[in-house]
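**Q** My file is upload-v4.cif. It has mmCIF, C-alpha atoms, pLDDT in the B column; chains and numbers go by the auth columns:
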```
data_entry
#
loop_
_atom_site.group_PDB
_atom_site.id
_atom_site.type_symbol
_atom_site.label_atom_id
_atom_site.label_comp_id
_atom_site.label_asym_id
_atom_site.label_seq_id
_atom_site.Cartn_x
_atom_site.Cartn_y
_atom_site.Cartn_z
_atom_site.B_iso_or_equiv
_atom_site.auth_seq_id
_atom_site.auth_asym_id
ATOM 1 C CA MET A 1 13.177 0.040 -12.157 54.00 562 Z
ATOM 2 C CA ARG A 2 10.779 -2.903 -12.244 62.00 563 Z
ATOM 3 C CA THR A 3 9.554 -2.210 -8.705 61.00 564 Z
ATOM 4 C CA THR A 4 8.788 1.396 -9.659 60.00 565 Z
ATOM 5 C CA THR A 5 6.733 0.281 -12.650 61.00 566 Z
ATOM 6 C CA ILE A 6 4.753 -2.193 -10.565 64.00 567 Z
ATOM 7 C CA LEU A 7 4.163 0.411 -7.859 59.00 568 Z
ATOM 8 C CA ALA A 8 2.917 2.916 -10.426 59.00 569 Z
ATOM 9 C CA THR A 9 0.541 0.336 -11.896 62.00 570 Z
ATOM 10 C CA VAL A 10 -0.811 -0.622 -8.474 60.00 571 Z
ATOM 11 C CA LEU A 11 -1.398 3.017 -7.573 56.00 572 Z
ATOM 12 C CA LEU A 12 -3.195 3.708 -10.848 57.00 573 Z
ATOM 13 C CA ILE A 13 -5.509 0.763 -10.282 60.00 574 Z
ATOM 14 C CA ALA A 14 -6.160 1.765 -6.680 55.00 575 Z
ATOM 15 C CA ASN A 15 -6.948 5.335 -7.646 55.00 576 Z
ATOM 16 C CA GLY A 16 -9.382 4.420 -10.414 54.00 577 Z
ATOM 17 C CA ALA A 17 -12.471 6.586 -10.386 47.00 578 Z
ATOM 18 C CA SER A 18 -15.481 4.939 -8.844 49.00 579 Z
ATOM 19 C CA ALA A 19 -18.936 5.326 -10.350 55.00 580 Z
ATOM 20 C CA PHE A 20 -20.766 5.311 -7.021 73.00 581 Z
ATOM 21 C CA ALA A 21 -20.888 7.340 -3.844 86.00 582 Z
ATOM 22 C CA ALA A 22 -18.983 5.544 -1.132 86.00 583 Z
ATOM 23 C CA SER A 23 -20.658 4.729 2.155 92.00 584 Z
ATOM 24 C CA GLU A 24 -19.249 4.348 5.629 92.00 585 Z
ATOM 25 C CA ALA A 25 -19.345 0.569 5.152 94.00 586 Z
ATOM 26 C CA ASP A 26 -17.268 0.902 1.971 95.00 587 Z
ATOM 27 C CA TYR A 27 -14.746 3.000 3.886 96.00 588 Z
ATOM 28 C CA LYS A 28 -14.568 0.536 6.784 96.00 589 Z
ATOM 29 C CA ALA A 29 -13.956 -2.385 4.410 97.00 590 Z
ATOM 30 C CA ALA A 30 -11.285 -0.495 2.456 97.00 591 Z
ATOM 31 C CA TYR A 31 -9.616 0.726 5.647 98.00 592 Z
ATOM 32 C CA ALA A 32 -9.599 -2.769 7.166 98.00 593 Z
ATOM 33 C CA ALA A 33 -7.952 -4.172 4.018 98.00 594 Z
ATOM 34 C CA ALA A 34 -5.347 -1.409 4.093 98.00 595 Z
ATOM 35 C CA GLU A 35 -4.613 -1.962 7.772 97.00 596 Z
ATOM 36 C CA ALA A 36 -4.247 -5.708 7.224 97.00 597 Z
ATOM 37 C CA ALA A 37 -1.779 -5.158 4.387 97.00 598 Z
ATOM 38 C CA ASN A 38 0.122 -2.606 6.472 97.00 599 Z
ATOM 39 C CA THR A 39 0.292 -5.063 9.373 97.00 600 Z
ATOM 40 C CA GLU A 40 1.715 -7.702 7.019 97.00 601 Z
ATOM 41 C CA ALA A 41 4.298 -5.186 5.795 96.00 602 Z
ATOM 42 C CA GLY A 42 5.176 -4.535 9.435 95.00 603 Z
ATOM 43 C CA SER A 43 5.705 -8.229 10.057 95.00 604 Z
ATOM 44 C CA LEU A 44 8.196 -8.150 7.177 94.00 605 Z
ATOM 45 C CA ARG A 45 9.823 -5.078 8.791 94.00 606 Z
ATOM 46 C CA ASN A 46 9.155 -2.974 5.712 94.00 607 Z
ATOM 47 C CA GLN A 47 6.376 -0.516 6.532 95.00 608 Z
ATOM 48 C CA TRP A 48 6.499 2.662 4.480 96.00 609 Z
ATOM 49 C CA THR A 49 5.867 5.984 6.193 95.00 610 Z
ATOM 50 C CA THR A 50 3.751 7.060 3.226 97.00 611 Z
ATOM 51 C CA THR A 51 1.341 4.234 4.000 97.00 612 Z
ATOM 52 C CA ALA A 52 0.809 5.498 7.553 96.00 613 Z
ATOM 53 C CA ALA A 53 0.283 9.049 6.297 97.00 614 Z
ATOM 54 C CA THR A 54 -2.246 7.879 3.709 97.00 615 Z
ATOM 55 C CA LEU A 55 -4.118 5.828 6.324 98.00 616 Z
ATOM 56 C CA ALA A 56 -4.265 8.922 8.532 97.00 617 Z
ATOM 57 C CA ALA A 57 -5.622 10.965 5.606 97.00 618 Z
ATOM 58 C CA ALA A 58 -8.288 8.311 5.005 97.00 619 Z
ATOM 59 C CA LYS A 59 -9.348 8.405 8.649 97.00 620 Z
ATOM 60 C CA LYS A 60 -9.440 12.214 8.626 97.00 621 Z
ATOM 61 C CA ALA A 61 -11.628 12.247 5.515 97.00 622 Z
ATOM 62 C CA ALA A 62 -13.964 9.654 7.036 97.00 623 Z
ATOM 63 C CA ASP A 63 -14.215 11.646 10.268 97.00 624 Z
ATOM 64 C CA ALA A 64 -15.264 14.627 8.143 96.00 625 Z
ATOM 65 C CA GLY A 65 -17.917 12.485 6.419 94.00 626 Z
ATOM 66 C CA ASP A 66 -16.173 12.500 3.013 96.00 627 Z
ATOM 67 C CA PHE A 67 -16.352 8.769 2.363 96.00 628 Z
ATOM 68 C CA ASP A 68 -15.459 9.040 -1.331 96.00 629 Z
ATOM 69 C CA THR A 69 -12.091 10.553 -0.445 96.00 630 Z
ATOM 70 C CA ALA A 70 -11.709 8.223 2.530 97.00 631 Z
ATOM 71 C CA VAL A 71 -12.204 5.122 0.373 97.00 632 Z
ATOM 72 C CA THR A 72 -9.806 6.451 -2.263 97.00 633 Z
ATOM 73 C CA GLN A 73 -7.165 7.157 0.377 98.00 634 Z
ATOM 74 C CA ALA A 74 -7.680 3.770 2.032 98.00 635 Z
ATOM 75 C CA LYS A 75 -7.278 1.977 -1.299 97.00 636 Z
ATOM 76 C CA GLU A 76 -4.132 3.969 -2.001 98.00 637 Z
ATOM 77 C CA ALA A 77 -2.791 3.017 1.438 98.00 638 Z
ATOM 78 C CA GLU A 78 -3.522 -0.630 0.688 98.00 639 Z
ATOM 79 C CA ALA A 79 -1.688 -0.352 -2.639 97.00 640 Z
ATOM 80 C CA LEU A 80 1.294 1.235 -0.901 98.00 641 Z
ATOM 81 C CA ALA A 81 1.343 -1.471 1.744 97.00 642 Z
ATOM 82 C CA LYS A 82 1.150 -4.195 -0.899 97.00 643 Z
ATOM 83 C CA ALA A 83 3.977 -2.533 -2.804 97.00 644 Z
ATOM 84 C CA SER A 84 6.086 -2.523 0.347 96.00 645 Z
ATOM 85 C CA ILE A 85 5.305 -6.221 0.833 96.00 646 Z
ATOM 86 C CA PHE A 86 6.347 -6.881 -2.757 95.00 647 Z
ATOM 87 C CA GLN A 87 9.548 -4.935 -2.212 93.00 648 Z
ATOM 88 C CA ALA A 88 10.394 -6.841 0.958 93.00 649 Z
ATOM 89 C CA THR A 89 9.769 -10.253 -0.565 92.00 650 Z
ATOM 90 C CA SER A 90 11.430 -9.584 -3.920 88.00 651 Z
ATOM 91 C CA GLU A 91 14.532 -8.016 -2.408 86.00 652 Z
ATOM 92 C CA LYS A 92 14.898 -10.766 0.152 83.00 653 Z
ATOM 93 C CA GLU A 93 16.943 -12.782 -2.344 80.00 654 Z
ATOM 94 C CA ARG A 94 17.742 -10.253 -5.078 80.00 655 Z
ATOM 95 C CA TRP A 95 20.570 -8.690 -3.091 74.00 656 Z
ATOM 96 C CA LYS A 96 22.584 -11.794 -3.879 76.00 657 Z
ATOM 97 C CA ASP A 97 22.540 -10.793 -7.559 78.00 658 Z
ATOM 98 C CA LEU A 98 24.495 -7.674 -6.640 76.00 659 Z
ATOM 99 C CA GLU A 99 27.128 -9.471 -4.584 66.00 660 Z
ATOM 100 C CA ILE A 100 30.620 -9.353 -6.046 65.00 661 Z
ATOM 101 C CA ARG A 101 31.826 -12.853 -6.769 62.00 662 Z
#
```
Would you mind writing the file's structure down as structure tokens?
**A**
Amino acid sequence: MRTTTILATVLLIANGASAFAASEADYKAAYAAAEAANTEAGSLRNQWTTTAATLAAAKKAADAGDFDTAVTQAKEAEALAKASIFQATSEKERWKDLEIR
């Protein structure tokens, strides 16, 4: 339950409306951050398929020249990757709480 609440909060922050038109440089920075977070999630063996799909959507939007959508998608992908990192690290020890003693 707690993980779901944190994920929802992260996604809301990542999807906040921006007051400026995004540029290609904004997209590249957001995409690089998302890829780095996704790579870290991969090193923890906890990459989410939704992250990959959102990264692909960001790239598709950027290829079409829609950098506002591309930046939004890249930030969402970063939030998803960070949530998967949080899940992997928090559940690394929490499973012991469920063990029958």
**Q** What's the 12 Å shell around Ala598 of chain Z, counting only C-alpha atoms, without same-chain residues fewer than 4 positions away, as a ChimeraX atom specification?
**A** /Z:591-594,602-605,607-609,612-613,616,635-647
**Q** Please provide as a ChimeraX atom specification all residues within 9 Å of Val632 of chain Z, with the sequence filter that same-chain residues fewer than 5 positions apart are discarded (counting only C-alpha atoms).
**A** /Z:583-585,587-592,619,622-623,627,637
**Q** As JSON, please report the centre and edge lengths, rounded to one decimal in Å, of the axis-aligned box that holds all listed atoms of segment 642-647 of chain Z with 6 Å of padding on each of the six sides.
**A**
```
{"center_x": 3.7, "center_y": -4.2, "center_z": -0.5, "size_x": 17.2, "size_y": 17.4, "size_z": 16.5}
```
**Q** When you draw a straight line from atom CA of Thr650 of chain Z to atom CA of Thr610 of chain Z, how long is it in Å?
**A** 18.0 Å
**Q** To one decimal place in Å, what is the distance between atom CA of Ala595 of chain Z and atom CA of Asp629 of chain Z?
**A**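 The value is 15.5 Å.
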**Q** To one decimal in Å, tell me the separation between atom CA of Asp624 of chain Z and atom CA of Ala597 of chain Z.
**A**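 One can read the atom CA of Asp624 of chain Z to atom CA of Ala597 of chain Z distance as 20.2 Å.
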**Q** Ranking Z:Glu601, Z:Phe581, Z:Ala649, Z:Glu596 by minimum distance to Ala617 of chain Z and counting all atoms listed in the file, which one comes first?
**A**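 Between Z:Glu601, Z:Phe581, Z:Ala649, Z:Glu596, the residue approaching Ala617 of chain Z most closely is Z:Glu596.
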**Q** Kindly indicate which residue among Z:Glu654, Z:Phe628, Z:Gln634, Z:Leu659 lies nearest to Ala582 of chain Z, using all atoms listed in the file for the distances.
**A**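 Result for the nearest residue to Ala582 of chain Z: Z:Phe628.
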